Amino acid sequence: MALPKYTEPHYRIWHYVYLFICGCVFFFLIAPLFVIFPLSFNAEEFLVFSDGMKRLDPDAFSLRWYKDMIYGTKNPWGAAAKNSFIIAVFATIGSIILGTVAALGLSSRHMPYKGLIMATLISPMIVPLIISGVAIFFFIAKVGLAATHLGIIIAHIILGTPFVVITVTATLSGFDHSVTRAAASLGSNPVNTFLKITLPLILPGVISGGLFAFVTSFDEVVVVLFLAGLETTTIPIQMWTGLREQLSPTILAVATCLIILSVLILVTAELLRRRSERLRGINR
Amino acid sequence: MSSETQKILTTDGIPLEVSLKKAEKKNKIKAFLLVCPLLFFIIITYIFPIGEMFSRSIDDRMVTNMLPKTFKAMETWDGKELPPEEVFASFLADYRVLAEKKEHGKLGQRLNKEKNGFTTILKKLWRKMKKFEDGNAKEQIMAVHKRFRDVEYWRAIKRTAPPYTAAKYLKGMDMYFDEDGKIVQVEEDRRIHRILWLRTLEVAFFVTVFCFLMGYPIAHLLATLPMKYSNLLMICVLLPFWTSLLVRTASWMILLQQQGIVNDFFVWIGLVSDDNRPEMMFNKTGTYVAMTQILLPFMVLPLYSVMKTISPSLMRAGKSLGGTPFIAFWKIYFPLTIPGIGAGCLLVFILAIGYYITPALVGGASGTLISNQIAYHMKATLDWSFASAMGLMLLTGVLVVYWIYNKLVGIDNIKLG
């Protein structure tokens with residue numbers, strides 16, 4: 001955004017002030033994440049930069065907290081990671097199936113009461129999490145699934161489906177329905193048409209909705225706090241307990257791993273978004 | 001020939017109109033069947049439980065179920081003088097049933113909330129009633145304790161008769177029913193909930209304002225920079241967006257601690273002295289700073305997606321027609337971004353008003369919000385009906401915000417990037 005040559009001086013100054021403000025905001029957004037990296041390699045137990053670290057002394061850095069995370073006594077992280085992955089994977093699958101099928105119905109122009117049904121389906125995203133937590137807890141406790149994996153999976157399907165419904169209906173809004181009619185006229189049955197024609201075209205939307213559902217489940221604390229038992233602690237629960245009780249560098253090691261995971265998810269989501277935009281461009 | 005006989009027929013002889021309607025209906029059912037699984041899933045697992053929260057929050061059948069005969073006998077009692085023998089006799093009978101089920105203690109606790117002093121006299125009654133003779137219940141009960149001779153206590157029992165109560169909602173607003181059934185406020189120094197509601201609104205409002213002030217410039221920069229730069233900068237917005245909430249809160253806990261980097265920096269530039277480092281965590285400052293950073297992407301993304309659609313030639317046209325850049329911005333660009341501003345502010349405000357994790361970790365006692373109170377009653381005091389009542393009050397607030405937004409901007413204008 002280069003300034004034209006004829007810009008008056010005070011606008012020029014204002015422009016640089018504006019760029020400086022933007023720089024500060026970007027710094028405010030991203031810098032906190034980078035504090036975690038170096039501190040997780042701290043050789044000492046304190047969560048401040050030691051003098052050795054400031055001098056970049058190699059002895060001040062170590063992998064001991066990563067070792068503690070993997071081999072530590074009692075090692076709660078391994079079990080928590082396993083639980084988190086199991087719950088997130090099944091919740092994502094459930095959300096994708098329920099959400100995609102519902103989105104197909106919702107984007108049909110014959111759908112009655114579209115607005116009302118859409119509002120109902122995405123309500124778990126709109127209602128504050130704490131209220132969802134209380135409501136879902138009442139349901140899960142009533143059917144006797146509290147502190148089980150299945151209970152948490154159901155809770156996360158509830159929270160995850162709105163994302164799938166939204167992304168898939170958005171993808172379907174640019175969808176050319178004549179291709180399914182063409183398939184039908186060539187003798188394909190509806191299931192076959194869906195699997196061979198519709199699904200490949202809306203796949204980017206399905207996957208990015210699934211990613212949202214996965215991250216929601218993987219990062220969710222509020223509802224799990226009500227539902228989890230000793231056998232079903234997840235990574236967020238373990239972090240929550242750790243942050244409340246004592247902030248140990250092991251948590252920072254876990255946090256670093258989570259940041260790397262989110263970088264991977266970000267890259268995937270970004271690639272998918274571009275692919276989907278490209279596909280939609282062809283459709284038009 | 002009349003027009004009716006001229007109807008267009010399909011090949012099998014059915015009028016086209018009928019045939020079309022039939023097809024339309026079939027399509028409707030097909031679409032509805034696709035939505036059905038998720039719709040019923042959400043209704044059963046989510047919408048009904050929210051309804052259950054409501055019935056729990058107003059439910060007051062405990063005493064009603066414990067003293068069925070007493071309340072039946074009390075129906076004819078006007079409450080002016082001591083109740084007749086019949087009421088005393090039924091009360092004794094009910095209480096004996098409770099004592100057999102070992103539930104008499106619960107009754108005492110519940111009635112004590114209605115009027116102080118019930119626990120003691122009911123315990124005393126429990127000890128003495130074993131030696132009671134048949135008949136003449138009124139005399140014998142009144143002899144147990146002088147409070148049984150006080151009509152106030154019998155009125156208190158009668159007040160618990162209705163199976164529903166709004167008491168939990170009043171408690172959430174620091175009010176209660178006094179002994180005459182009038183709504184009164186609790187003493188000034190015990191109004192904790194009202195402080196929490198106001199603080200929640202205040203924090204949500206200011207976090208929204210801060211997010212707007214910080215998000216608007218960077219969304220504008222992202223939308224006007226050439227693609228290759230803006231994609232790079234977009235990562236600064238998207239990476240925090242995808243990163244775990246707890247990780248971000250943890251990093252703020254490290255930054256804001258007394259020996260933390262922010263304080264180090266303040267000491268270094270000479271803003272504060274080394275031995276007088278300000279406490280920035282476990283108070284409202286911590287809540288504000290951390291929540292603003294965490295919610296900022298939710299402001300930037302909708303703003304960005306709206307700004308991206310505004311053609312730069314509009315601003316150029318404004319300037320070429322003699323407007324200064326500021327006037328061109330204010331009269332042309334800003335009004336066009338209002339849908340984005342509305343969506344961003346709505347999102348941030350709604351998320352902030354129900355925030356739980358960050359205030360609980362960095363807020364301390366003076367930075368906790370209404371959600372923390374709900375969680376506290378769910379997990380610590382186990383007063384689920386009160387937690388439900390507060391949750392529904394919060395939900396009503398959120399729905400009101402949506403309604404206002406819909407009136408002002410229109411809910412369809414929301415763009416989620």
# chains A, B, ... in the order shown; residues from 1 in each chain; ligands from 1
call {"tool": "residues_around", "arguments": {"residues": "stretch 265-281 of chain A", "least_positions_apart": "5", "cutoff": "10 Å", "atoms": "only C-alpha atoms", "output": "MDAnalysis selection string"}}
result
(chainID A and resid 171:176 201:209 211:212 214:215 259:260) or (chainID B and resid 235 238:243)
call {"tool": "interface_residues", "arguments": {"of": "chain B", "to": "chain A", "cutoff": "6 Å", "atoms": "only C-alpha atoms", "output": "VMD selection string"}}
result
chain B and resid 28 31 34 to 35 38 49 to 50 218 225 236 242 to 244 247 251 293 354 391
call {"tool": "closest_residue", "arguments": {"among": "A:Ala184, A:Leu195, A:Ala81, A:Val224", "to": "A:Ala146", "atoms": "only C-alpha atoms"}}
result
A:Val224
call {"tool": "residues_around", "arguments": {"residues": "stretch 56-68 of chain B", "least_positions_apart": "4", "cutoff": "7 Å", "atoms": "only C-alpha atoms", "output": "list in words"}}
result
Glu52, Lys72, Phe91, Asp94, Leu107, Thr160, Ala161, Pro163, Tyr164, Thr165, Ala166, Lys168, Ser385, Phe386, Ser388 and Ala389 of chain B
call {"tool": "write_last_selection", "arguments": {"atoms": "N, CA and C atoms", "output": "compact mmCIF listing (two decimals), in the first residue's frame"}}
result
# COMPACT_ATOMS: atom_id res chain seq x y z
N GLU B 52 -35.58 -28.60 30.57
CA GLU B 52 -35.48 -29.20 31.89
C GLU B 52 -34.83 -28.23 32.87
N LYS B 72 -53.23 -30.39 52.34
CA LYS B 72 -54.65 -30.61 52.04
C LYS B 72 -55.50 -30.01 53.16
N PHE B 91 -50.13 -32.83 60.04
CA PHE B 91 -48.70 -32.53 60.06
C PHE B 91 -47.94 -33.62 60.81
N ASP B 94 -47.79 -36.71 58.63
CA ASP B 94 -46.79 -36.56 57.57
C ASP B 94 -45.38 -36.69 58.13
N LEU B 107 -36.50 -31.91 55.59
CA LEU B 107 -37.62 -30.98 55.74
C LEU B 107 -37.19 -29.79 56.60
N THR B 160 -44.82 -22.67 51.51
CA THR B 160 -44.07 -23.60 50.66
C THR B 160 -44.99 -24.54 49.89
N ALA B 161 -46.32 -24.35 50.04
CA ALA B 161 -47.26 -25.28 49.41
C ALA B 161 -47.21 -25.28 47.88
N PRO B 163 -46.25 -25.79 44.17
CA PRO B 163 -45.16 -26.62 43.65
C PRO B 163 -44.13 -25.82 42.84
N TYR B 164 -44.46 -24.57 42.49
CA TYR B 164 -43.50 -23.79 41.70
C TYR B 164 -43.14 -22.51 42.43
N THR B 165 -41.93 -22.03 42.22
CA THR B 165 -41.49 -20.82 42.88
C THR B 165 -40.56 -20.04 41.96
N ALA B 166 -40.58 -18.74 42.12
CA ALA B 166 -39.65 -17.90 41.36
C ALA B 166 -38.49 -17.48 42.23
N LYS B 168 -35.65 -18.74 43.00
CA LYS B 168 -34.27 -18.84 42.51
C LYS B 168 -33.93 -17.67 41.59
N SER B 385 -30.65 -26.10 40.79
CA SER B 385 -31.79 -25.30 40.36
C SER B 385 -31.41 -23.82 40.29
N PHE B 386 -30.54 -23.39 41.21
CA PHE B 386 -30.09 -22.00 41.15
C PHE B 386 -29.19 -21.78 39.94
N SER B 388 -29.34 -23.40 37.19
CA SER B 388 -30.22 -23.37 36.02
C SER B 388 -30.88 -22.01 35.88
N ALA B 389 -31.36 -21.48 36.99
CA ALA B 389 -32.04 -20.18 36.94
C ALA B 389 -31.10 -19.11 36.41
call {"tool": "closest_residue", "arguments": {"among": "B:Pro37, B:Gly323, B:Glu152, B:Lys138", "to": "B:Lys80", "atoms": "only C-alpha atoms"}}
result
B:Glu152
call {"tool": "decode", "arguments": {"residues": "stretch 11-26 of chain A", "atoms": "N, CA and C atoms", "output": "mmCIF file, in the first residue's frame"}}
result
data_model
loop_
_atom_site.group_PDB
_atom_site.id
_atom_site.type_symbol
_atom_site.label_atom_id
_atom_site.label_comp_id
_atom_site.auth_asym_id
_atom_site.auth_seq_id
_atom_site.Cartn_x
_atom_site.Cartn_y
_atom_site.Cartn_z
ATOM 1 N N TYR A 11 -0.707 13.701 6.046
ATOM 2 C CA TYR A 11 -1.316 12.402 5.759
ATOM 3 C C TYR A 11 -0.260 11.310 5.733
ATOM 4 N N ARG A 12 0.949 11.724 5.259
ATOM 5 C CA ARG A 12 2.047 10.775 5.236
ATOM 6 C C ARG A 12 2.358 10.323 6.671
ATOM 7 N N ILE A 13 2.433 11.282 7.592
ATOM 8 C CA ILE A 13 2.699 10.954 9.000
ATOM 9 C C ILE A 13 1.588 10.052 9.533
ATOM 10 N N TRP A 14 0.358 10.453 9.243
ATOM 11 C CA TRP A 14 -0.780 9.667 9.718
ATOM 12 C C TRP A 14 -0.697 8.232 9.204
ATOM 13 N N HIS A 15 -0.259 8.090 7.949
ATOM 14 C CA HIS A 15 -0.154 6.753 7.369
ATOM 15 C C HIS A 15 0.839 5.901 8.142
ATOM 16 N N TYR A 16 1.985 6.505 8.508
ATOM 17 C CA TYR A 16 2.977 5.726 9.246
ATOM 18 C C TYR A 16 2.490 5.417 10.657
ATOM 19 N N VAL A 17 1.788 6.372 11.254
ATOM 20 C CA VAL A 17 1.204 6.107 12.581
ATOM 21 C C VAL A 17 0.251 4.912 12.485
ATOM 22 N N TYR A 18 -0.557 4.919 11.430
ATOM 23 C CA TYR A 18 -1.524 3.835 11.220
ATOM 24 C C TYR A 18 -0.809 2.494 11.070
ATOM 25 N N LEU A 19 0.263 2.477 10.270
ATOM 26 C CA LEU A 19 1.009 1.230 10.103
ATOM 27 C C LEU A 19 1.617 0.783 11.428
ATOM 28 N N PHE A 20 2.085 1.762 12.221
ATOM 29 C CA PHE A 20 2.678 1.431 13.509
ATOM 30 C C PHE A 20 1.620 0.804 14.424
ATOM 31 N N ILE A 21 0.421 1.407 14.439
ATOM 32 C CA ILE A 21 -0.657 0.856 15.275
ATOM 33 C C ILE A 21 -0.955 -0.582 14.856
ATOM 34 N N CYS A 22 -1.072 -0.790 13.539
ATOM 35 C CA CYS A 22 -1.351 -2.146 13.056
ATOM 36 C C CYS A 22 -0.259 -3.108 13.486
ATOM 37 N N GLY A 23 0.992 -2.658 13.384
ATOM 38 C CA GLY A 23 2.107 -3.503 13.811
ATOM 39 C C GLY A 23 1.966 -3.909 15.263
ATOM 40 N N CYS A 24 1.617 -2.920 16.108
ATOM 41 C CA CYS A 24 1.449 -3.208 17.535
ATOM 42 C C CYS A 24 0.351 -4.248 17.747
ATOM 43 N N VAL A 25 -0.761 -4.103 17.029
ATOM 44 C CA VAL A 25 -1.878 -5.035 17.223
ATOM 45 C C VAL A 25 -1.477 -6.447 16.789
ATOM 46 N N PHE A 26 -0.778 -6.531 15.642
ATOM 47 C CA PHE A 26 -0.329 -7.853 15.197
ATOM 48 C C PHE A 26 0.611 -8.469 16.226
#
